[in-house]
$ cat data26.csv   # CSV, C-alpha atoms
chain,number,residue,atom,x,y,z
A,1,MET,CA,-73.0,48.1,66.0
A,2,LEU,CA,-70.9,51.2,66.6
A,3,ASP,CA,-67.8,50.9,68.7
A,4,PRO,CA,-68.6,52.9,71.9
A,5,THR,CA,-64.9,53.6,72.7
A,6,PRO,CA,-64.1,57.3,72.7
A,7,SER,CA,-60.5,56.8,71.4
A,8,ARG,CA,-61.5,57.5,67.8
A,9,PRO,CA,-62.9,60.8,66.5
A,10,HIS,CA,-66.6,60.9,65.7
A,11,GLY,CA,-67.2,61.0,61.9
A,12,LEU,CA,-70.1,61.7,59.6
A,13,LEU,CA,-70.8,61.0,55.9
A,14,ALA,CA,-72.4,63.9,54.0
A,15,MET,CA,-73.4,63.0,50.5
A,16,HIS,CA,-76.1,61.3,48.5
A,17,PRO,CA,-76.6,57.8,49.8
A,18,ASP,CA,-76.3,56.3,46.2
A,19,VAL,CA,-73.0,58.2,45.8
A,20,ALA,CA,-71.7,56.8,49.0
A,21,GLU,CA,-72.3,53.3,47.7
A,22,GLY,CA,-69.9,53.9,44.8
A,23,VAL,CA,-67.4,56.0,46.6
A,24,LEU,CA,-67.2,53.9,49.8
A,25,PRO,CA,-67.9,50.2,49.0
A,26,ALA,CA,-68.0,47.8,51.9
A,27,ASP,CA,-64.2,47.3,52.3
A,28,LEU,CA,-63.6,51.0,52.5
A,29,ARG,CA,-66.5,51.6,54.9
A,30,ALA,CA,-65.0,48.9,57.1
A,31,ARG,CA,-61.6,50.6,57.1
A,32,LEU,CA,-63.3,54.0,57.8
A,33,GLY,CA,-65.0,52.4,60.8
A,34,SER,CA,-61.7,51.3,62.1
A,35,LEU,CA,-60.5,55.0,62.1
A,36,LEU,CA,-63.6,56.9,63.2
A,37,HIS,CA,-66.5,56.4,65.6
A,38,ILE,CA,-69.0,56.4,62.7
A,39,ASP,CA,-72.0,54.6,61.3
A,40,PRO,CA,-70.7,54.0,57.8
A,41,ALA,CA,-74.2,52.8,56.7
A,42,LEU,CA,-75.6,56.4,57.1
A,43,ALA,CA,-74.9,59.1,54.6
A,44,PHE,CA,-76.7,62.4,55.0
A,45,GLU,CA,-77.8,64.9,52.4
A,46,ASP,CA,-79.9,66.9,54.9
A,47,PHE,CA,-78.7,68.0,58.3
A,48,ASP,CA,-82.2,68.9,59.6
A,49,THR,CA,-83.4,65.4,60.5
A,50,PRO,CA,-83.0,64.5,64.2
A,51,VAL,CA,-80.5,61.7,63.5
A,52,ALA,CA,-78.4,63.9,61.2
A,53,ALA,CA,-78.5,66.8,63.6
A,54,SER,CA,-77.3,64.6,66.4
A,55,ALA,CA,-74.5,63.1,64.3
A,56,LEU,CA,-73.5,66.6,63.2
A,57,SER,CA,-73.3,67.9,66.8
A,58,ARG,CA,-70.8,65.2,67.6
A,59,ALA,CA,-68.8,65.1,64.4
A,60,GLU,CA,-65.1,65.9,64.4
A,61,VAL,CA,-64.4,64.6,60.9
A,62,LEU,CA,-66.9,65.1,58.0
A,63,ILE,CA,-66.4,63.1,54.8
A,64,SER,CA,-68.3,64.9,52.0
A,65,CYS,CA,-69.0,64.2,48.3
A,66,TRP,CA,-71.7,65.1,45.8
A,67,GLY,CA,-74.9,65.8,47.5
A,68,CYS,CA,-73.3,67.3,50.6
A,69,PRO,CA,-75.5,70.1,52.0
A,70,PRO,CA,-73.8,73.6,52.1
A,71,LEU,CA,-71.4,73.8,55.1
A,72,ASP,CA,-72.4,77.4,55.8
A,73,GLU,CA,-72.2,79.4,59.0
A,74,ASP,CA,-75.4,77.9,60.3
A,75,VAL,CA,-74.4,74.3,59.8
A,76,LEU,CA,-70.9,74.9,61.2
A,77,ALA,CA,-72.5,76.5,64.3
A,78,ARG,CA,-74.3,73.2,64.8
A,79,ALA,CA,-71.0,71.3,64.5
A,80,PRO,CA,-68.9,72.8,67.3
A,81,ARG,CA,-66.5,69.8,67.4
A,82,LEU,CA,-65.8,69.7,63.7
A,83,ARG,CA,-62.1,69.8,62.9
A,84,ALA,CA,-61.8,68.5,59.4
A,85,VAL,CA,-63.8,68.2,56.2
A,86,ILE,CA,-62.4,65.6,53.8
A,87,HIS,CA,-64.0,65.9,50.4
A,88,ALA,CA,-64.1,62.7,48.3
A,89,ALA,CA,-64.4,64.6,45.1
A,90,GLY,CA,-62.8,67.5,43.3
A,91,SER,CA,-63.5,71.2,43.9
A,92,VAL,CA,-64.2,72.2,47.5
A,93,LYS,CA,-65.6,75.6,46.5
A,94,GLY,CA,-69.1,74.4,46.2
A,95,LEU,CA,-69.2,73.3,49.9
A,96,GLY,CA,-69.8,76.9,50.9
A,97,ILE,CA,-67.4,76.9,53.9
A,98,PRO,CA,-66.8,80.4,55.1
A,99,GLU,CA,-63.3,81.5,54.3
A,100,ASP,CA,-62.6,82.6,57.9
A,101,CYS,CA,-63.0,79.0,59.1
A,102,TRP,CA,-60.3,77.6,56.8
A,103,GLY,CA,-57.2,76.6,58.6
A,104,ARG,CA,-58.1,78.5,61.8
A,105,THR,CA,-60.9,76.2,63.1
A,106,LEU,CA,-61.3,73.8,60.2
A,107,ARG,CA,-58.9,71.9,57.9
A,108,VAL,CA,-60.2,71.0,54.5
A,109,SER,CA,-58.9,68.4,52.1
A,110,SER,CA,-59.9,67.5,48.5
A,111,ALA,CA,-59.5,64.3,46.5
A,112,ALA,CA,-58.9,66.4,43.4
A,113,THR,CA,-55.7,64.6,42.8
A,114,ALA,CA,-57.5,61.3,42.6
A,115,ASN,CA,-60.1,62.7,40.3
A,116,ALA,CA,-57.5,64.2,37.9
A,117,LEU,CA,-56.4,61.0,36.2
A,118,PRO,CA,-59.9,60.0,34.8
A,119,VAL,CA,-60.3,63.5,33.4
A,120,ALA,CA,-56.8,63.4,31.8
A,121,GLN,CA,-57.5,59.9,30.4
A,122,TYR,CA,-60.8,61.2,28.9
A,123,THR,CA,-58.9,64.2,27.4
A,124,LEU,CA,-56.2,62.0,25.8
A,125,ALA,CA,-58.9,59.8,24.3
A,126,ALA,CA,-60.8,62.9,23.0
A,127,ILE,CA,-57.7,64.4,21.5
A,128,LEU,CA,-56.7,61.2,19.7
A,129,MET,CA,-60.2,60.6,18.4
A,130,ALA,CA,-60.6,64.2,17.4
A,131,GLY,CA,-57.4,64.1,15.4
A,132,LYS,CA,-58.8,61.3,13.4
A,133,ARG,CA,-62.0,63.3,12.8
A,134,SER,CA,-63.7,60.3,14.4
A,135,PHE,CA,-66.8,62.2,15.7
A,136,GLY,CA,-67.6,64.0,12.5
A,137,LEU,CA,-67.0,60.9,10.3
A,138,ALA,CA,-69.2,58.8,12.7
A,139,SER,CA,-72.0,61.3,12.1
A,140,THR,CA,-71.5,61.1,8.3
A,141,TYR,CA,-71.5,57.3,8.5
A,142,ARG,CA,-74.9,57.4,10.2
A,143,THR,CA,-76.4,59.8,7.7
A,144,ASP,CA,-74.7,58.9,4.4
A,145,GLY,CA,-73.6,55.3,4.9
A,146,PHE,CA,-70.2,53.7,4.7
A,147,ARG,CA,-67.7,54.9,2.1
A,148,THR,CA,-64.0,55.1,1.7
A,149,TYR,CA,-62.6,58.5,2.7
A,150,PRO,CA,-59.9,60.1,0.6
A,151,ALA,CA,-56.6,60.8,2.2
A,152,SER,CA,-56.6,64.3,3.8
A,153,THR,CA,-53.7,66.2,5.3
A,154,ASP,CA,-56.2,67.3,8.0
A,155,THR,CA,-57.0,63.9,9.3
A,156,GLY,CA,-54.7,61.9,11.6
A,157,ASN,CA,-52.5,62.7,14.5
A,158,THR,CA,-49.0,62.8,12.9
A,159,ASP,CA,-47.3,66.2,13.3
A,160,ARG,CA,-50.1,67.7,15.3
A,161,THR,CA,-49.6,70.6,17.7
A,162,VAL,CA,-51.7,70.4,20.9
A,163,GLY,CA,-52.1,73.4,23.1
A,164,VAL,CA,-52.9,72.9,26.8
A,165,VAL,CA,-54.5,75.9,28.5
A,166,GLY,CA,-53.7,75.7,32.2
A,167,ALA,CA,-50.9,73.7,33.9
A,168,SER,CA,-53.3,72.5,36.6
A,169,ARG,CA,-53.2,69.0,38.1
A,170,ILE,CA,-55.1,67.7,35.2
A,171,GLY,CA,-53.3,69.8,32.6
A,172,ARG,CA,-49.9,68.4,33.8
A,173,ILE,CA,-51.2,64.9,33.6
A,174,VAL,CA,-52.5,65.5,30.1
A,175,LEU,CA,-49.1,66.8,29.1
A,176,GLU,CA,-47.5,63.6,30.5
A,177,LEU,CA,-50.0,61.4,28.7
A,178,LEU,CA,-49.6,63.2,25.4
A,179,ARG,CA,-45.8,63.1,25.3
A,180,PRO,CA,-45.4,59.5,24.0
A,181,HIS,CA,-47.7,60.3,21.0
A,182,GLY,CA,-45.2,62.6,19.3
A,183,PHE,CA,-47.3,65.8,19.5
A,184,ARG,CA,-45.7,69.2,19.6
A,185,LEU,CA,-46.9,70.5,22.9
A,186,LEU,CA,-47.6,74.1,23.9
A,187,VAL,CA,-48.8,75.3,27.3
A,188,ALA,CA,-50.3,78.6,28.4
A,189,ASP,CA,-50.4,79.4,32.1
A,190,PRO,CA,-49.7,82.8,33.7
A,191,TYR,CA,-48.2,81.1,36.8
A,192,LEU,CA,-45.8,78.8,34.9
A,193,SER,CA,-42.2,79.6,34.0
A,194,ALA,CA,-40.5,78.6,30.7
A,195,ALA,CA,-38.3,76.3,32.6
A,196,GLU,CA,-41.2,74.5,34.3
A,197,ALA,CA,-43.0,74.2,30.9
A,198,HIS,CA,-39.8,72.7,29.4
A,199,GLY,CA,-39.8,70.2,32.3
A,200,LEU,CA,-43.3,69.2,31.3
A,201,GLY,CA,-42.2,68.6,27.7
A,202,ALA,CA,-44.0,71.7,26.4
A,203,GLU,CA,-43.2,75.2,25.1
A,204,LEU,CA,-44.6,78.1,27.2
A,205,THR,CA,-46.6,80.5,25.1
A,206,GLU,CA,-49.1,83.3,25.5
A,207,LEU,CA,-52.7,82.2,25.2
A,208,ASP,CA,-53.4,84.0,21.9
A,209,ALA,CA,-50.2,82.5,20.3
A,210,LEU,CA,-51.2,79.0,21.6
A,211,LEU,CA,-54.6,79.3,19.9
A,212,THR,CA,-53.1,80.5,16.7
A,213,ARG,CA,-50.5,77.7,16.5
A,214,SER,CA,-52.4,74.7,17.8
A,215,ASP,CA,-54.3,72.1,15.8
A,216,ILE,CA,-56.1,70.9,19.0
A,217,VAL,CA,-56.6,73.0,22.1
A,218,THR,CA,-57.6,71.5,25.4
A,219,LEU,CA,-58.8,73.6,28.4
A,220,HIS,CA,-57.7,72.9,32.0
A,221,ALA,CA,-57.9,76.3,33.6
A,222,PRO,CA,-59.9,77.0,36.7
A,223,LEU,CA,-63.1,79.0,36.6
A,224,LEU,CA,-62.3,82.3,38.2
A,225,PRO,CA,-63.6,85.9,37.7
A,226,GLY,CA,-60.7,86.5,35.3
A,227,THR,CA,-61.3,83.2,33.3
A,228,HIS,CA,-65.0,83.5,32.7
A,229,ARG,CA,-65.5,83.2,28.9
A,230,LEU,CA,-61.7,83.2,28.5
A,231,ILE,CA,-62.3,81.6,25.1
A,232,ASP,CA,-64.6,84.3,23.6
A,233,ASP,CA,-65.5,85.1,20.0
A,234,ARG,CA,-62.2,86.9,19.4
A,235,ARG,CA,-60.1,84.0,20.7
A,236,LEU,CA,-62.2,81.4,18.9
A,237,GLY,CA,-61.4,83.4,15.8
A,238,LEU,CA,-57.7,82.9,16.3
A,239,LEU,CA,-58.1,79.1,15.9
A,240,ARG,CA,-57.2,78.0,12.4
A,241,ASP,CA,-59.8,76.4,10.2
A,242,GLY,CA,-60.1,72.7,11.1
A,243,ALA,CA,-58.8,73.2,14.7
A,244,VAL,CA,-60.5,71.3,17.5
A,245,LEU,CA,-61.5,72.7,21.0
A,246,VAL,CA,-61.7,70.2,23.8
A,247,ASN,CA,-63.3,71.3,27.1
A,248,THR,CA,-63.3,69.0,30.2
A,249,ALA,CA,-62.8,71.9,32.7
A,250,ARG,CA,-65.7,74.3,33.1
A,251,GLY,CA,-68.3,75.2,30.5
A,252,GLU,CA,-68.2,78.9,31.6
A,253,LEU,CA,-64.6,79.1,30.2
A,254,VAL,CA,-66.1,79.3,26.7
A,255,ASP,CA,-68.6,81.7,25.2
A,256,THR,CA,-71.2,79.2,24.0
A,257,ASP,CA,-73.0,81.4,21.5
A,258,ALA,CA,-69.7,82.3,19.9
A,259,LEU,CA,-68.7,78.6,19.8
A,260,VAL,CA,-71.9,77.7,18.0
A,261,ARG,CA,-71.2,80.3,15.4
A,262,HIS,CA,-67.7,79.0,14.8
A,263,CYS,CA,-68.7,75.4,14.7
A,264,ALA,CA,-71.8,75.8,12.6
A,265,GLY,CA,-71.4,76.1,8.8
A,266,HIS,CA,-73.6,76.9,5.9
A,267,PRO,CA,-76.3,74.4,5.0
A,268,GLY,CA,-74.7,71.1,4.1
A,269,ARG,CA,-71.3,72.1,5.5
A,270,THR,CA,-69.7,72.0,8.9
A,271,GLY,CA,-68.2,75.0,10.5
A,272,ARG,CA,-64.6,76.3,10.7
A,273,ILE,CA,-63.7,74.4,13.9
A,274,ASP,CA,-64.7,71.2,15.7
A,275,ALA,CA,-65.4,70.8,19.4
A,276,VAL,CA,-65.4,68.0,22.0
A,277,LEU,CA,-67.3,69.1,25.1
A,278,ASP,CA,-67.8,67.3,28.4
A,279,VAL,CA,-68.9,70.5,30.1
A,280,THR,CA,-71.1,73.3,28.7
A,281,ASP,CA,-72.6,76.6,29.6
A,282,PRO,CA,-75.4,76.2,30.5
A,283,GLU,CA,-75.2,72.8,32.0
A,284,PRO,CA,-77.1,70.8,31.2
A,285,LEU,CA,-77.9,72.0,27.8
A,286,PRO,CA,-81.6,72.4,27.0
A,287,ALA,CA,-83.1,69.9,24.7
A,288,GLY,CA,-82.7,70.9,21.1
A,289,HIS,CA,-79.7,73.1,21.7
A,290,ASP,CA,-77.7,73.8,18.5
A,291,LEU,CA,-74.6,72.1,19.9
A,292,PHE,CA,-76.5,68.7,19.8
A,293,SER,CA,-77.3,69.1,16.1
A,294,LEU,CA,-73.8,69.9,14.8
A,295,PRO,CA,-72.0,66.9,13.3
A,296,ASN,CA,-68.6,68.3,14.1
A,297,VAL,CA,-69.4,68.8,17.8
A,298,PHE,CA,-69.3,65.9,20.3
A,299,VAL,CA,-71.0,66.5,23.7
A,300,THR,CA,-71.0,64.2,26.7
A,301,PRO,CA,-72.8,64.8,30.0
A,302,HIS,CA,-69.9,65.7,32.4
A,303,ILE,CA,-68.5,62.2,32.6
A,304,ALA,CA,-64.8,62.9,32.3
A,305,GLY,CA,-64.2,62.8,36.1
A,306,ALA,CA,-64.4,59.6,38.2
A,307,LEU,CA,-67.4,57.5,37.2
A,308,GLY,CA,-68.7,54.1,38.1
A,309,ARG,CA,-65.9,51.8,39.1
A,310,GLU,CA,-63.5,54.8,39.2
A,311,LEU,CA,-65.4,56.3,42.2
A,312,ARG,CA,-63.7,54.0,44.7
A,313,THR,CA,-60.4,55.8,43.9
A,314,LEU,CA,-61.9,58.9,45.4
A,315,GLY,CA,-63.1,56.9,48.5
A,316,THR,CA,-59.6,55.4,48.9
A,317,PHE,CA,-58.0,58.8,48.8
A,318,ALA,CA,-60.5,60.2,51.3
A,319,VAL,CA,-60.0,57.2,53.7
A,320,ASP,CA,-56.3,57.6,53.4
A,321,GLU,CA,-56.7,61.3,54.3
A,322,VAL,CA,-58.8,60.3,57.4
A,323,GLU,CA,-56.0,58.0,58.4
A,324,ARG,CA,-53.4,60.7,58.0
A,325,PHE,CA,-55.5,63.2,59.9
A,326,VAL,CA,-56.2,60.9,62.8
A,327,GLN,CA,-52.6,60.0,63.1
A,328,GLY,CA,-51.5,63.6,63.1
A,329,ARG,CA,-49.7,63.4,59.7
A,330,PRO,CA,-49.9,66.0,56.9
A,331,MET,CA,-52.9,65.5,54.6
A,332,ARG,CA,-51.9,65.1,50.9
A,333,GLY,CA,-55.0,67.0,49.6
A,334,GLU,CA,-55.2,69.8,52.1
A,335,VAL,CA,-56.4,73.1,50.6
A,336,ALA,CA,-55.4,76.4,52.2
A,337,VAL,CA,-57.6,79.5,52.1
A,338,ASP,CA,-55.0,81.2,49.9
A,339,ASP,CA,-55.5,78.5,47.3
A,340,LEU,CA,-59.1,79.5,46.7
A,341,SER,CA,-58.2,82.4,44.4
A,342,SER,CA,-56.3,80.2,41.9
A,343,ILE,CA,-57.9,76.7,42.0
A,344,ALA,CA,-61.0,75.3,40.3

$ encode --input "data26.csv" --output "structure tokens"
Amino acid sequence: MLDPTPSRPHGLLAMHPDVAEGVLPADLRARLGSLLHIDPALAFEDFDTPVAASALSRAEVLISCWGCPPLDEDVLARAPRLRAVIHAAGSVKGLGIPEDCWGRTLRVSSAATANALPVAQYTLAAILMAGKRSFGLASTYRTDGFRTYPASTDTGNTDRTVGVVGASRIGRIVLELLRPHGFRLLVADPYLSAAEAHGLGAELTELDALLTRSDIVTLHAPLLPGTHRLIDDRRLGLLRDGAVLVNTARGELVDTDALVRHCAGHPGRTGRIDAVLDVTDPEPLPAGHDLFSLPNVFVTPHIAGALGRELRTLGTFAVDEVERFVQGRPMRGEVAVDDLSSIA
């Protein structure tokens, strides 16, 4: 039964209902209900039904996640009371909010900070496993059986140099997680100073130099017009033989056809470099794509971000943001319109 008192703002959940189950389990829904005049059992992925349209017309706070319909001019015109969109996921760019609404009539918050840690943890695991050549050796084990592998100076994580492309939220956490493992750390980011890089435990370098010097390169740059296919054929060519490329950011940062050429070898041999990919271009990859058949390439289906039991961390962040908004306090994840040109 909804609380009929008008003291709390009206709220609305906009996401796939099954996503809502993971992001907002019962205890978080109960807490949300104490902050907003909302039916926490209803999550809408279509605003055109009578019930959704009615809820939208009253909504002052909208909590979105995967499956939220585009919040375009037409939708916002039907939500005249809407004051805040709190996104219980990462990037807010896909919400489709017109830029002239940001800050002026609508405040927008993202749980990207909460989503950063699972991605960074996945990245750390990928780097450590890749340094041991685990993915390629697992493939060899499946096809050729168990055998003792000779000592190789190109296997193992001692004295490795890891290059981090992008000092984003995730990139910074990755650097923090890597420091205890004794890697030499490089970072490339046009917005970062040498002093800031030093504070992160890394050496600031230009991108080309980072690619040349690194044993393992991990991508954490946003997808912007200037970063589309940032890692192209020329830059892949800068990677030394045996280097590893890890991508948990956006598939479009890498020229896929060029990557296949550098990862593929002659018959019976693997290519020059290895890759660990949680994102691809296109995504999903079509069945039978070359990347699936290469033993030195490990592909996962965009799972680095919050998944399963990790989803409630996004919901917790979002409910905390609702509380801050309702109480008139600054929101931790608020995104300004000026941020859109430099964030993922």

$ closest_residue --input "data26.csv" --among "A:Leu238, A:Ala243, A:Ala55, A:Leu185" --to "A:Val162" --atoms "all atoms listed in the file"
A:Leu185

$ closest_residue --input "data26.csv" --among "A:Gly242, A:Pro98, A:Pro286, A:Pro9" --to "A:Val337" --atoms "all atoms listed in the file"
A:Pro98

$ closest_atom_pairs --input "data26.csv" --of "stretch 106-134 of chain A" --to "stretch 66-85 of chain A" --cutoff "6 Å" --atoms "all atoms listed in the file" --output "JSON lines"
{"residue": "A:Leu106", "atom": "CA", "partner": "A:Arg83", "partner_atom": "CA", "distance": 4.9}
{"residue": "A:Arg107", "atom": "CA", "partner": "A:Ala84", "partner_atom": "CA", "distance": 4.7}
{"residue": "A:Val108", "atom": "CA", "partner": "A:Val85", "partner_atom": "CA", "distance": 4.9}

$ write_last_selection --input "data26.csv" --atoms "C-alpha atoms" --output "PDB file, keeping the file's coordinate frame"
ATOM      1  CA  LEU A 106     -61.300  73.800  60.200  1.00  0.00           C
ATOM      2  CA  ARG A 107     -58.900  71.900  57.900  1.00  0.00           C
ATOM      3  CA  VAL A 108     -60.200  71.000  54.500  1.00  0.00           C
TER       4      VAL A 108
END

$ residues_around --input "data26.csv" --residues "A:Ala120" --least-positions-apart "4" --cutoff "8 Å" --atoms "all atoms listed in the file" --output "PyMOL selection string"
chain A and resi 116+124+170-171+173-174+177

$ atom_distance --input "data26.csv" --atom1 "atom CA of A:Ile127" --atom2 "atom CA of A:Val187"
15.2 Å

$ closest_residue --input "data26.csv" --among "A:Leu35, A:Gly315, A:Glu99, A:Ile86" --to "A:Asp338" --atoms "all atoms listed in the file"
A:Glu99

$ closest_residue --input "data26.csv" --among "A:Ala264, A:Leu224, A:Val299, A:Gly90" --to "A:Pro118" --atoms "all atoms listed in the file"
A:Gly90

$ closest_residue --input "data26.csv" --among "A:Arg312, A:Asp144, A:Gly333, A:Val322" --to "A:Arg8" --atoms "only C-alpha atoms"
A:Val322

$ closest_residue --input "data26.csv" --among "A:Val51, A:Gly226, A:Val244, A:Pro295" --to "A:Thr143" --atoms "only C-alpha atoms"
A:Pro295

$ residues_around --input "data26.csv" --residues "A:Glu323" --least-positions-apart "5" --cutoff "9 Å" --atoms "only C-alpha atoms" --output "NGL selection string"
:A and (32 or 35 or 318 or 328-329 or 331)

$ atom_distance --input "data26.csv" --atom1 "atom CA of A:Leu239" --atom2 "atom CA of A:Tyr191"
23.2 Å

$ atom_distance --input "data26.csv" --atom1 "atom CA of A:Leu210" --atom2 "atom CA of A:Phe183"
13.9 Å

$ residues_around --input "data26.csv" --residues "stretch 128-131 of chain A" --least-positions-apart "4" --cutoff "7 Å" --atoms "all atoms listed in the file" --output "PDB file with C-alpha atoms, keeping the file's coordinate frame"
ATOM      1  CA  LEU A 124     -56.200  62.000  25.800  1.00  0.00           C
ATOM      2  CA  PHE A 135     -66.800  62.200  15.700  1.00  0.00           C
ATOM      3  CA  THR A 155     -57.000  63.900   9.300  1.00  0.00           C
ATOM      4  CA  GLY A 156     -54.700  61.900  11.600  1.00  0.00           C
ATOM      5  CA  ASN A 157     -52.500  62.700  14.500  1.00  0.00           C
TER       6      ASN A 157
END

$ residues_around --input "data26.csv" --residues "A:Thr218" --least-positions-apart "5" --cutoff "9 Å" --atoms "only C-alpha atoms" --output "list in words"
Thr123, Ile127, Val162, Gly163, Val164, Val165, Gly166, Gly171, Val244, Leu245, Val246, Asn247, Thr248 and Ala249 of chain A

$ closest_atom_pairs --input "data26.csv" --of "stretch 99-201 of chain A" --to "stretch 16-31 of chain A" --cutoff "12 Å" --atoms "all atoms listed in the file" --output "Markdown table"
| residue | atom | partner | partner_atom | distance |
| --- | --- | --- | --- | --- |
| A:Ala111 | CA | A:Val23 | CA | 11.5 |
| A:Ala114 | CA | A:Val23 | CA | 11.9 |
| A:Asn115 | CA | A:Val23 | CA | 11.7 |

$ residues_around --input "data26.csv" --residues "A:Ser342" --least-positions-apart "3" --cutoff "12 Å" --atoms "only C-alpha atoms" --output "ChimeraX atom specification"
/A:91,93,166-168,189-191,221-227,335-339

$ build_atoms --input "data26.csv" --residues "stretch 327-343 of chain A" --atoms "N, CA and C atoms" --output "PDB file, in the coordinates of the input"
ATOM      1  N   GLN A 327     -53.904  60.263  62.555  1.00  0.00           N
ATOM      2  CA  GLN A 327     -52.600  60.000  63.100  1.00  0.00           C
ATOM      3  C   GLN A 327     -51.694  61.214  63.209  1.00  0.00           C
ATOM      4  N   GLY A 328     -52.250  62.379  62.895  1.00  0.00           N
ATOM      5  CA  GLY A 328     -51.500  63.600  63.100  1.00  0.00           C
ATOM      6  C   GLY A 328     -50.482  63.874  61.972  1.00  0.00           C
ATOM      7  N   ARG A 329     -50.627  63.196  60.829  1.00  0.00           N
ATOM      8  CA  ARG A 329     -49.700  63.400  59.700  1.00  0.00           C
ATOM      9  C   ARG A 329     -50.280  64.420  58.729  1.00  0.00           C
ATOM     10  N   PRO A 330     -49.434  65.041  57.908  1.00  0.00           N
ATOM     11  CA  PRO A 330     -49.900  66.000  56.900  1.00  0.00           C
ATOM     12  C   PRO A 330     -50.890  65.309  55.934  1.00  0.00           C
ATOM     13  N   MET A 331     -51.959  66.002  55.562  1.00  0.00           N
ATOM     14  CA  MET A 331     -52.900  65.500  54.600  1.00  0.00           C
ATOM     15  C   MET A 331     -52.404  65.845  53.170  1.00  0.00           C
ATOM     16  N   ARG A 332     -52.451  64.893  52.261  1.00  0.00           N
ATOM     17  CA  ARG A 332     -51.900  65.100  50.900  1.00  0.00           C
ATOM     18  C   ARG A 332     -52.789  66.101  50.113  1.00  0.00           C
ATOM     19  N   GLY A 333     -54.095  66.112  50.382  1.00  0.00           N
ATOM     20  CA  GLY A 333     -55.000  67.000  49.600  1.00  0.00           C
ATOM     21  C   GLY A 333     -55.425  68.219  50.275  1.00  0.00           C
ATOM     22  N   GLU A 334     -54.723  68.619  51.347  1.00  0.00           N
ATOM     23  CA  GLU A 334     -55.200  69.800  52.100  1.00  0.00           C
ATOM     24  C   GLU A 334     -55.196  71.039  51.256  1.00  0.00           C
ATOM     25  N   VAL A 335     -56.269  71.815  51.398  1.00  0.00           N
ATOM     26  CA  VAL A 335     -56.400  73.100  50.600  1.00  0.00           C
ATOM     27  C   VAL A 335     -56.379  74.218  51.638  1.00  0.00           C
ATOM     28  N   ALA A 336     -55.525  75.180  51.335  1.00  0.00           N
ATOM     29  CA  ALA A 336     -55.400  76.400  52.200  1.00  0.00           C
ATOM     30  C   ALA A 336     -56.317  77.475  51.649  1.00  0.00           C
ATOM     31  N   VAL A 337     -56.702  78.395  52.508  1.00  0.00           N
ATOM     32  CA  VAL A 337     -57.600  79.500  52.100  1.00  0.00           C
ATOM     33  C   VAL A 337     -56.990  80.293  50.969  1.00  0.00           C
ATOM     34  N   ASP A 338     -55.661  80.444  50.976  1.00  0.00           N
ATOM     35  CA  ASP A 338     -55.000  81.200  49.900  1.00  0.00           C
ATOM     36  C   ASP A 338     -55.096  80.539  48.574  1.00  0.00           C
ATOM     37  N   ASP A 339     -55.354  79.231  48.564  1.00  0.00           N
ATOM     38  CA  ASP A 339     -55.500  78.500  47.300  1.00  0.00           C
ATOM     39  C   ASP A 339     -56.759  78.818  46.563  1.00  0.00           C
ATOM     40  N   LEU A 340     -57.759  79.324  47.276  1.00  0.00           N
ATOM     41  CA  LEU A 340     -59.100  79.500  46.700  1.00  0.00           C
ATOM     42  C   LEU A 340     -59.111  80.427  45.505  1.00  0.00           C
ATOM     43  N   SER A 341     -58.188  81.392  45.475  1.00  0.00           N
ATOM     44  CA  SER A 341     -58.200  82.400  44.400  1.00  0.00           C
ATOM     45  C   SER A 341     -57.616  81.853  43.104  1.00  0.00           C
ATOM     46  N   SER A 342     -57.004  80.650  43.135  1.00  0.00           N
ATOM     47  CA  SER A 342     -56.300  80.200  41.900  1.00  0.00           C
ATOM     48  C   SER A 342     -56.706  78.737  41.553  1.00  0.00           C
ATOM     49  N   ILE A 343     -57.568  78.074  42.330  1.00  0.00           N
ATOM     50  CA  ILE A 343     -57.900  76.700  42.000  1.00  0.00           C
ATOM     51  C   ILE A 343     -59.345  76.604  41.493  1.00  0.00           C
TER      52      ILE A 343
END
